[in-house]
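**Q** Next comes query38.csv, CSV, C-alpha atoms:
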```csv
chain,number,residue,atom,x,y,z
A,138,MET,CA,-3.3,4.6,81.3
A,139,ASN,CA,-3.5,1.2,79.7
A,140,LYS,CA,-4.8,-1.5,82.0
A,141,HIS,CA,-3.1,-4.9,81.6
A,142,ILE,CA,-4.3,-8.0,83.3
A,143,ILE,CA,-1.5,-10.5,83.2
A,144,GLU,CA,-1.9,-13.8,85.1
A,145,ILE,CA,-0.8,-17.4,85.3
A,146,VAL,CA,-3.6,-19.4,86.9
A,147,ASP,CA,-4.6,-22.9,87.7
A,148,THR,CA,-8.1,-22.7,86.1
A,149,ILE,CA,-9.4,-20.3,83.5
A,150,ASP,CA,-12.9,-18.9,83.8
A,151,THR,CA,-13.8,-17.7,80.3
A,152,ALA,CA,-16.9,-15.9,81.6
A,153,VAL,CA,-15.1,-13.1,83.3
A,154,VAL,CA,-13.1,-11.7,80.4
A,155,TYR,CA,-15.9,-9.6,78.9
A,156,ASP,CA,-16.3,-7.6,82.1
A,157,GLU,CA,-12.5,-7.2,82.3
A,158,LEU,CA,-12.3,-5.8,78.8
A,159,SER,CA,-15.6,-3.8,78.7
A,160,ASP,CA,-14.8,-0.1,78.5
A,161,PRO,CA,-16.7,3.0,77.6
A,162,LYS,CA,-14.1,4.2,75.1
A,163,SER,CA,-14.0,0.9,73.3
A,164,GLY,CA,-16.1,0.0,70.3
A,165,GLY,CA,-14.8,-3.5,70.0
A,166,ILE,CA,-13.5,-6.4,72.0
A,167,CYS,CA,-11.6,-9.4,70.6
A,168,VAL,CA,-10.9,-12.5,72.6
A,169,PHE,CA,-8.9,-15.6,71.7
A,170,VAL,CA,-9.3,-18.7,73.7
A,171,GLY,CA,-6.9,-21.6,73.3
A,172,THR,CA,-8.4,-25.0,74.2
A,173,VAL,CA,-7.3,-28.6,74.4
A,174,ARG,CA,-7.8,-30.4,71.1
A,175,GLU,CA,-8.7,-34.1,71.1
A,176,PHE,CA,-6.3,-35.1,68.3
A,177,THR,CA,-2.7,-34.5,67.3
A,178,ASN,CA,-1.8,-36.2,64.0
A,179,ASN,CA,-4.7,-38.6,64.4
A,180,GLU,CA,-3.6,-39.7,67.8
A,181,THR,CA,-6.0,-39.3,70.7
A,182,VAL,CA,-4.8,-36.7,73.3
A,183,VAL,CA,-5.9,-37.6,76.8
A,184,SER,CA,-4.8,-34.3,78.4
A,185,LEU,CA,-2.2,-31.5,78.2
A,186,GLU,CA,0.1,-30.6,81.0
A,187,PHE,CA,1.4,-27.0,81.2
A,188,GLU,CA,4.4,-25.8,83.2
A,189,SER,CA,5.7,-22.3,83.5
A,190,TYR,CA,8.7,-20.4,84.7
A,191,LYS,CA,6.3,-18.1,86.4
A,192,MET,CA,8.4,-15.1,87.3
A,193,MET,CA,9.8,-14.8,83.8
A,194,ALA,CA,6.5,-15.8,82.0
A,195,ILE,CA,4.8,-12.8,83.7
A,196,LYS,CA,7.6,-10.5,82.7
A,197,GLU,CA,7.5,-11.7,79.1
A,198,MET,CA,3.7,-11.4,79.0
A,199,GLU,CA,4.0,-7.8,80.4
A,200,LYS,CA,6.5,-7.0,77.6
A,201,ILE,CA,4.2,-8.2,74.8
A,202,ALA,CA,1.2,-6.4,76.3
A,203,THR,CA,3.2,-3.2,76.4
A,204,GLU,CA,4.5,-3.8,72.9
A,205,ALA,CA,1.0,-4.3,71.6
A,206,SER,CA,-0.2,-1.1,73.4
A,207,THR,CA,2.6,0.8,71.6
A,208,LYS,CA,1.7,-0.6,68.2
A,209,TRP,CA,-2.1,-0.2,68.5
A,210,PRO,CA,-4.3,2.2,70.6
A,211,LEU,CA,-5.7,-0.3,73.0
A,212,ASN,CA,-7.8,0.4,76.0
A,213,LYS,CA,-7.5,-2.9,77.9
A,214,VAL,CA,-5.4,-6.1,77.5
A,215,VAL,CA,-5.9,-9.4,79.2
A,216,ILE,CA,-3.4,-12.3,79.0
A,217,ARG,CA,-4.1,-15.2,81.2
A,218,HIS,CA,-2.5,-18.7,80.8
A,219,ALA,CA,-3.3,-21.8,82.8
A,220,VAL,CA,-0.8,-24.3,84.2
A,221,GLY,CA,-1.4,-27.9,85.3
A,222,VAL,CA,-3.3,-30.8,83.7
A,223,LYS,CA,-6.0,-29.7,81.3
A,224,LYS,CA,-8.5,-32.1,79.7
A,225,VAL,CA,-10.0,-32.0,76.2
A,226,GLN,CA,-12.1,-28.8,75.6
A,227,GLU,CA,-10.7,-27.0,78.6
A,228,ALA,CA,-9.4,-23.5,78.1
A,229,VAL,CA,-5.7,-23.1,78.5
A,230,VAL,CA,-5.1,-19.5,77.4
A,231,VAL,CA,-7.3,-16.4,77.1
A,232,ILE,CA,-6.1,-13.3,75.2
A,233,GLY,CA,-8.3,-10.3,75.0
A,234,VAL,CA,-8.1,-6.7,74.0
A,235,SER,CA,-10.6,-3.8,73.7
A,236,ALA,CA,-10.1,-0.7,71.6
A,237,ALA,CA,-12.0,2.0,69.8
A,238,HIS,CA,-12.2,0.1,66.5
A,239,ARG,CA,-12.2,-3.5,65.4
A,240,ASN,CA,-9.0,-3.4,63.2
A,241,GLU,CA,-6.7,-2.8,66.1
A,242,CYS,CA,-8.6,-5.4,68.2
A,243,PHE,CA,-8.1,-8.2,65.7
A,244,GLU,CA,-4.5,-7.3,64.9
A,245,ALA,CA,-3.4,-6.9,68.5
A,246,CYS,CA,-5.1,-10.1,69.6
A,247,ARG,CA,-3.3,-12.1,66.8
A,248,PHE,CA,0.0,-10.5,67.7
A,249,LEU,CA,-0.4,-11.3,71.4
A,250,ILE,CA,-1.1,-15.0,71.0
A,251,ASP,CA,1.5,-15.5,68.2
A,252,THR,CA,4.2,-13.7,70.3
A,253,LEU,CA,3.2,-15.5,73.5
A,254,LYS,CA,3.6,-18.8,71.7
A,255,ALA,CA,7.1,-17.8,70.5
A,256,THR,CA,8.6,-16.2,73.6
A,257,VAL,CA,6.8,-16.8,76.9
A,258,PRO,CA,8.5,-19.6,79.0
A,259,ILE,CA,5.6,-22.0,79.2
A,260,TRP,CA,5.8,-25.6,78.2
A,261,LYS,CA,3.2,-28.1,77.1
A,262,LYS,CA,3.3,-31.8,77.4
A,263,GLU,CA,0.9,-33.9,75.3
A,264,MET,CA,-0.3,-37.0,77.2
A,265,PHE,CA,-1.4,-39.7,74.8
A,266,LYS,CA,-2.6,-43.1,75.9
A,267,ASN,CA,0.8,-44.8,75.7
A,268,LYS,CA,3.3,-41.9,75.7
A,269,THR,CA,4.0,-38.3,76.6
A,270,VAL,CA,5.6,-35.6,74.3
A,271,TRP,CA,6.9,-32.2,75.1
A,272,VAL,CA,5.5,-30.1,72.2
A,273,SER,CA,8.0,-28.4,69.9
A,274,ALA,CA,11.0,-29.8,71.8
A,275,HIS,CA,12.4,-31.7,68.8
A,276,PRO,CA,12.6,-30.6,65.1
B,291,MET,CA,25.0,-21.6,91.8
B,292,GLU,CA,21.7,-23.4,91.1
B,293,VAL,CA,20.2,-23.6,87.6
B,294,PHE,CA,16.5,-24.1,87.2
B,295,LEU,CA,15.3,-26.7,84.6
B,296,PHE,CA,11.9,-26.7,82.9
B,297,GLY,CA,10.0,-28.9,80.5
B,298,ILE,CA,12.1,-31.4,78.6
B,299,ALA,CA,15.3,-30.0,80.2
B,300,LYS,CA,14.0,-31.4,83.5
B,301,ASP,CA,13.5,-34.8,81.9
B,302,ILE,CA,16.9,-34.8,80.3
B,303,VAL,CA,18.8,-34.0,83.5
B,304,GLY,CA,16.4,-36.0,85.7
B,305,LYS,CA,15.7,-33.3,88.2
B,306,SER,CA,14.4,-29.7,88.4
B,307,GLY,CA,17.6,-28.0,89.4
B,308,LEU,CA,21.3,-28.4,88.7
B,309,ASP,CA,24.0,-27.3,91.2
B,310,LEU,CA,26.9,-25.7,89.2
B,311,SER,CA,29.1,-25.4,92.3
B,312,SER,CA,29.6,-29.1,92.2
B,313,LEU,CA,31.4,-28.8,88.8
B,314,GLU,CA,35.2,-28.7,88.6
B,315,LYS,CA,35.1,-25.5,86.5
B,316,LYS,CA,32.2,-23.2,86.9
B,317,PRO,CA,30.9,-21.6,83.7
B,318,ASP,CA,31.7,-17.9,83.6
B,319,ASN,CA,29.1,-17.0,81.0
B,320,VAL,CA,26.0,-18.3,79.3
B,321,GLY,CA,27.9,-19.8,76.3
B,322,GLU,CA,30.1,-21.8,78.7
B,323,LEU,CA,27.1,-23.0,80.6
B,324,ILE,CA,25.5,-24.2,77.4
B,325,GLN,CA,28.7,-26.0,76.5
B,326,VAL,CA,28.9,-27.7,79.9
B,327,LEU,CA,25.3,-28.7,79.7
B,328,THR,CA,25.5,-30.2,76.1
B,329,ASP,CA,28.8,-32.0,77.0
B,330,SER,CA,27.3,-33.5,80.1
B,331,TYR,CA,23.9,-34.3,78.6
B,332,PRO,CA,24.2,-34.8,74.8
B,333,GLU,CA,20.3,-35.0,74.5
B,334,PHE,CA,20.3,-31.2,74.7
B,335,ASN,CA,21.9,-31.2,71.2
B,336,LYS,CA,18.8,-32.8,69.7
B,337,LEU,CA,16.4,-30.0,70.8
B,338,THR,CA,15.0,-27.4,68.4
B,339,SER,CA,16.5,-24.6,70.5
B,340,LEU,CA,18.2,-24.0,73.8
B,341,ALA,CA,18.1,-20.7,75.6
B,342,VAL,CA,19.3,-19.5,79.0
B,343,ALA,CA,17.6,-16.9,81.1
B,344,VAL,CA,19.5,-14.8,83.7
B,345,ASN,CA,17.4,-13.1,86.3
B,346,GLY,CA,14.3,-13.7,84.2
B,347,GLU,CA,15.6,-12.3,80.9
B,348,TYR,CA,16.7,-14.1,77.8
B,349,ALA,CA,20.6,-13.9,77.8
B,350,THR,CA,23.1,-14.1,74.9
B,351,ASN,CA,26.2,-16.3,75.1
B,352,GLU,CA,28.4,-13.3,76.3
B,353,VAL,CA,26.4,-12.5,79.4
B,354,SER,CA,28.5,-13.3,82.5
B,355,LEU,CA,27.2,-15.4,85.4
B,356,GLN,CA,27.4,-14.1,89.0
B,357,GLY,CA,27.0,-16.2,92.1
B,358,ASN,CA,23.7,-14.6,93.0
B,359,ASP,CA,22.1,-14.7,89.6
B,360,GLU,CA,18.9,-16.6,89.0
B,361,ILE,CA,19.7,-18.9,86.0
B,362,ALA,CA,17.2,-21.0,84.1
B,363,ILE,CA,17.5,-23.3,81.1
B,364,ILE,CA,14.8,-22.6,78.6
B,365,PRO,CA,14.1,-25.4,76.1
B,366,PRO,CA,11.7,-24.7,73.2
B,367,VAL,CA,8.7,-23.0,74.6
B,368,SER,CA,5.2,-24.3,73.7
B,369,GLY,CA,2.6,-22.2,75.5
B,370,GLY,CA,-0.8,-21.4,74.1
```
Transcribe the structure of this file into structure tokens.
**A**
Amino acid sequence: MNKHIIEIVDTIDTAVVYDELSDPKSGGICVFVGTVREFTNNETVVSLEFESYKMMAIKEMEKIATEASTKWPLNKVVIRHAVGVKKVQEAVVVIGVSAAHRNECFEACRFLIDTLKATVPIWKKEMFKNKTVWVSAHP
Amino acid sequence: MEVFLFGIAKDIVGKSGLDLSSLEKKPDNVGELIQVLTDSYPEFNKLTSLAVAVNGEYATNEVSLQGNDEIAIIPPVSGG
């Protein structure tokens, strides 16, 4: 019944997500796009490099999409994460849901990105001018 | 028995996979694997967290390891 689009891709095209979520039974669509920010603690970020354990990442993303669909009456779910080197302003993740009403859209979208960041095996390395840092690796 | 390494785990060990059959005593479960790993590479002790996946699922220390399992070291994730 629920249609989930779950993908790990090299490049994200943010233009396609509206058509993917558009649905006659839905009165609202929420989309979150994560992008590369230029500064971390006042240091200039040159780029981010993402790596995934693809087989498991897809499984974990399926799990959270299914969990969200259990918690809220969603019509469509999109979870798409990019891997590889991404430059400032590029999209790295797109989360989208469509549902009959806006409340479940906002809540599910928030749940999906928060849970993805906590459980999906994807790693991000910040490339500064003179060093690289695996994000969250150390306390 | 090959263990996949990702993110900072790959940097700590210096390669993307670790062959457990080269060890004198192969770990029987996830807890023993973590012990072997942290003994051999103390840098793992400095990480925020260290998880192991067996066949694509997060596994607790008691989960036993079989020869044909796909095993991966999961350092702190940072997607999004």
**Q** As JSON, numbers by chain, please: the residues near region 251-256 of chain A (cut-off 9 Å, all atoms listed in the file, same-chain neighbours under 6 positions excluded).
**A** {"A": [194, 197, 198, 201], "B": [366, 367, 368, 369, 370]}
**Q** Got a sec to pull out which chain A residues are within 12 Å of chain B, counting only C-alpha atoms, and send them as a PyMOL selection string?
**A** chain A and resi 145+169-174+185-198+200+216-220+228-232+249-263+269-276
**Q** Give me the residues near region 328-332 of chain B as a PyMOL selection string, where near means some atom within 9 Å (using all atoms listed in the file) and where sequence neighbours in that chain fewer than 5 positions away do not count.
**A** chain B and resi 302-303+323
**Q** Could you check how far CA of Ser206 (chain A) sits from CA of Cys167 (chain A), in Å to one decimal?
**A**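 Going from CA of Ser206 (chain A) over to CA of Cys167 (chain A) covers 14.4 Å.
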**Q** Quick one: pull the distance between CA of Val154 (chain A) and CA of Val222 (chain A), Å, one decimal.
**A**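 Answer for the CA of Val154 (chain A) to CA of Val222 (chain A) separation: 21.7 Å.
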**Q** Skip Ala349 (chain B) itself and residues of its chain fewer than 5 positions away, then list as a list of chain:residue names all residues within 10 Å of it, counting all atoms listed in the file.
**A**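 Close residues of Ala349 (chain B): B:Asn319, B:Val320, B:Gly321, B:Ala341, B:Val342, B:Ala343, B:Val344, B:Ser354, B:Ile361.
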**Q** Could you name the residues that touch Cys242 (chain A) at 9 Å or less, counting all atoms listed in the file, but leaving out those on the same chain fewer than 2 positions away, as a PDB file with C-alpha atoms, in the coordinates of the input?
**A**
```pdb
ATOM      1  CA  GLY A 165     -14.800  -3.500  70.000  1.00  0.00           C
ATOM      2  CA  ILE A 166     -13.500  -6.400  72.000  1.00  0.00           C
ATOM      3  CA  CYS A 167     -11.600  -9.400  70.600  1.00  0.00           C
ATOM      4  CA  VAL A 168     -10.900 -12.500  72.600  1.00  0.00           C
ATOM      5  CA  TRP A 209      -2.100  -0.200  68.500  1.00  0.00           C
ATOM      6  CA  LEU A 211      -5.700  -0.300  73.000  1.00  0.00           C
ATOM      7  CA  GLY A 233      -8.300 -10.300  75.000  1.00  0.00           C
ATOM      8  CA  VAL A 234      -8.100  -6.700  74.000  1.00  0.00           C
ATOM      9  CA  SER A 235     -10.600  -3.800  73.700  1.00  0.00           C
ATOM     10  CA  ALA A 236     -10.100  -0.700  71.600  1.00  0.00           C
ATOM     11  CA  ALA A 237     -12.000   2.000  69.800  1.00  0.00           C
ATOM     12  CA  HIS A 238     -12.200   0.100  66.500  1.00  0.00           C
ATOM     13  CA  ARG A 239     -12.200  -3.500  65.400  1.00  0.00           C
ATOM     14  CA  ASN A 240      -9.000  -3.400  63.200  1.00  0.00           C
ATOM     15  CA  GLU A 244      -4.500  -7.300  64.900  1.00  0.00           C
ATOM     16  CA  ALA A 245      -3.400  -6.900  68.500  1.00  0.00           C
ATOM     17  CA  CYS A 246      -5.100 -10.100  69.600  1.00  0.00           C
ATOM     18  CA  ARG A 247      -3.300 -12.100  66.800  1.00  0.00           C
TER      19      ARG A 247
END
```
**Q** For CA of Phe243 (chain A) and CA of Ser184 (chain A), quote the distance in Å rounded to one decimal.
**A** 29.2 Å
**Q** Since the input has fewer atoms than a full residue there, write region 317-345 of chain B out with N, CA and C atoms, as a CSV table (one decimal), in the coordinates of the input.
**A**
```csv
chain,number,residue,atom,x,y,z
B,317,PRO,N,31.0,-22.4,84.9
B,317,PRO,CA,30.9,-21.6,83.7
B,317,PRO,C,30.9,-20.1,84.1
B,318,ASP,N,31.7,-19.3,83.3
B,318,ASP,CA,31.7,-17.9,83.6
B,318,ASP,C,30.6,-17.1,82.9
B,319,ASN,N,30.2,-17.7,81.7
B,319,ASN,CA,29.1,-17.0,81.0
B,319,ASN,C,28.1,-18.0,80.4
B,320,VAL,N,27.1,-17.4,79.8
B,320,VAL,CA,26.0,-18.3,79.3
B,320,VAL,C,26.5,-19.3,78.2
B,321,GLY,N,27.4,-18.9,77.4
B,321,GLY,CA,27.9,-19.8,76.3
B,321,GLY,C,28.6,-21.0,77.0
B,322,GLU,N,29.4,-20.7,78.0
B,322,GLU,CA,30.1,-21.8,78.7
B,322,GLU,C,29.1,-22.7,79.4
B,323,LEU,N,28.1,-22.1,79.9
B,323,LEU,CA,27.1,-23.0,80.6
B,323,LEU,C,26.4,-23.9,79.6
B,324,ILE,N,26.1,-23.4,78.4
B,324,ILE,CA,25.5,-24.2,77.4
B,324,ILE,C,26.4,-25.3,77.0
B,325,GLN,N,27.7,-25.0,76.9
B,325,GLN,CA,28.7,-26.0,76.5
B,325,GLN,C,28.8,-27.1,77.6
B,326,VAL,N,28.9,-26.7,78.8
B,326,VAL,CA,28.9,-27.7,79.9
B,326,VAL,C,27.7,-28.6,79.9
B,327,LEU,N,26.6,-28.0,79.6
B,327,LEU,CA,25.3,-28.7,79.7
B,327,LEU,C,25.3,-29.7,78.5
B,328,THR,N,25.6,-29.3,77.3
B,328,THR,CA,25.5,-30.2,76.1
B,328,THR,C,26.6,-31.3,76.2
B,329,ASP,N,27.8,-30.9,76.8
B,329,ASP,CA,28.8,-32.0,77.0
B,329,ASP,C,28.3,-33.0,78.0
B,330,SER,N,27.7,-32.6,79.1
B,330,SER,CA,27.3,-33.5,80.1
B,330,SER,C,26.0,-34.3,79.7
B,331,TYR,N,25.1,-33.6,79.0
B,331,TYR,CA,23.9,-34.3,78.6
B,331,TYR,C,23.7,-34.0,77.1
B,332,PRO,N,24.2,-35.0,76.2
B,332,PRO,CA,24.2,-34.8,74.8
B,332,PRO,C,22.7,-34.7,74.2
B,333,GLU,N,21.7,-35.1,75.0
B,333,GLU,CA,20.3,-35.0,74.5
B,333,GLU,C,20.0,-33.6,74.2
B,334,PHE,N,20.6,-32.6,74.9
B,334,PHE,CA,20.3,-31.2,74.7
B,334,PHE,C,20.6,-30.8,73.2
B,335,ASN,N,21.6,-31.5,72.6
B,335,ASN,CA,21.9,-31.2,71.2
B,335,ASN,C,20.8,-31.5,70.2
B,336,LYS,N,19.9,-32.3,70.6
B,336,LYS,CA,18.8,-32.8,69.7
B,336,LYS,C,17.6,-31.8,69.8
B,337,LEU,N,17.6,-30.8,70.7
B,337,LEU,CA,16.4,-30.0,70.8
B,337,LEU,C,16.4,-28.9,69.7
B,338,THR,N,15.2,-28.4,69.4
B,338,THR,CA,15.0,-27.4,68.4
B,338,THR,C,15.7,-26.2,68.7
B,339,SER,N,15.8,-25.8,70.0
B,339,SER,CA,16.5,-24.6,70.5
B,339,SER,C,16.9,-24.8,71.9
B,340,LEU,N,17.8,-24.0,72.4
B,340,LEU,CA,18.2,-24.0,73.8
B,340,LEU,C,18.6,-22.6,74.2
B,341,ALA,N,17.8,-22.0,75.1
B,341,ALA,CA,18.1,-20.7,75.6
B,341,ALA,C,18.4,-20.7,77.1
B,342,VAL,N,19.0,-19.6,77.5
B,342,VAL,CA,19.3,-19.5,79.0
B,342,VAL,C,18.7,-18.1,79.4
B,343,ALA,N,18.1,-18.1,80.6
B,343,ALA,CA,17.6,-16.9,81.1
B,343,ALA,C,18.4,-16.5,82.4
B,344,VAL,N,18.8,-15.3,82.5
B,344,VAL,CA,19.5,-14.8,83.7
B,344,VAL,C,18.7,-13.7,84.3
B,345,ASN,N,18.3,-14.0,85.5
B,345,ASN,CA,17.4,-13.1,86.3
B,345,ASN,C,16.1,-12.8,85.5
```
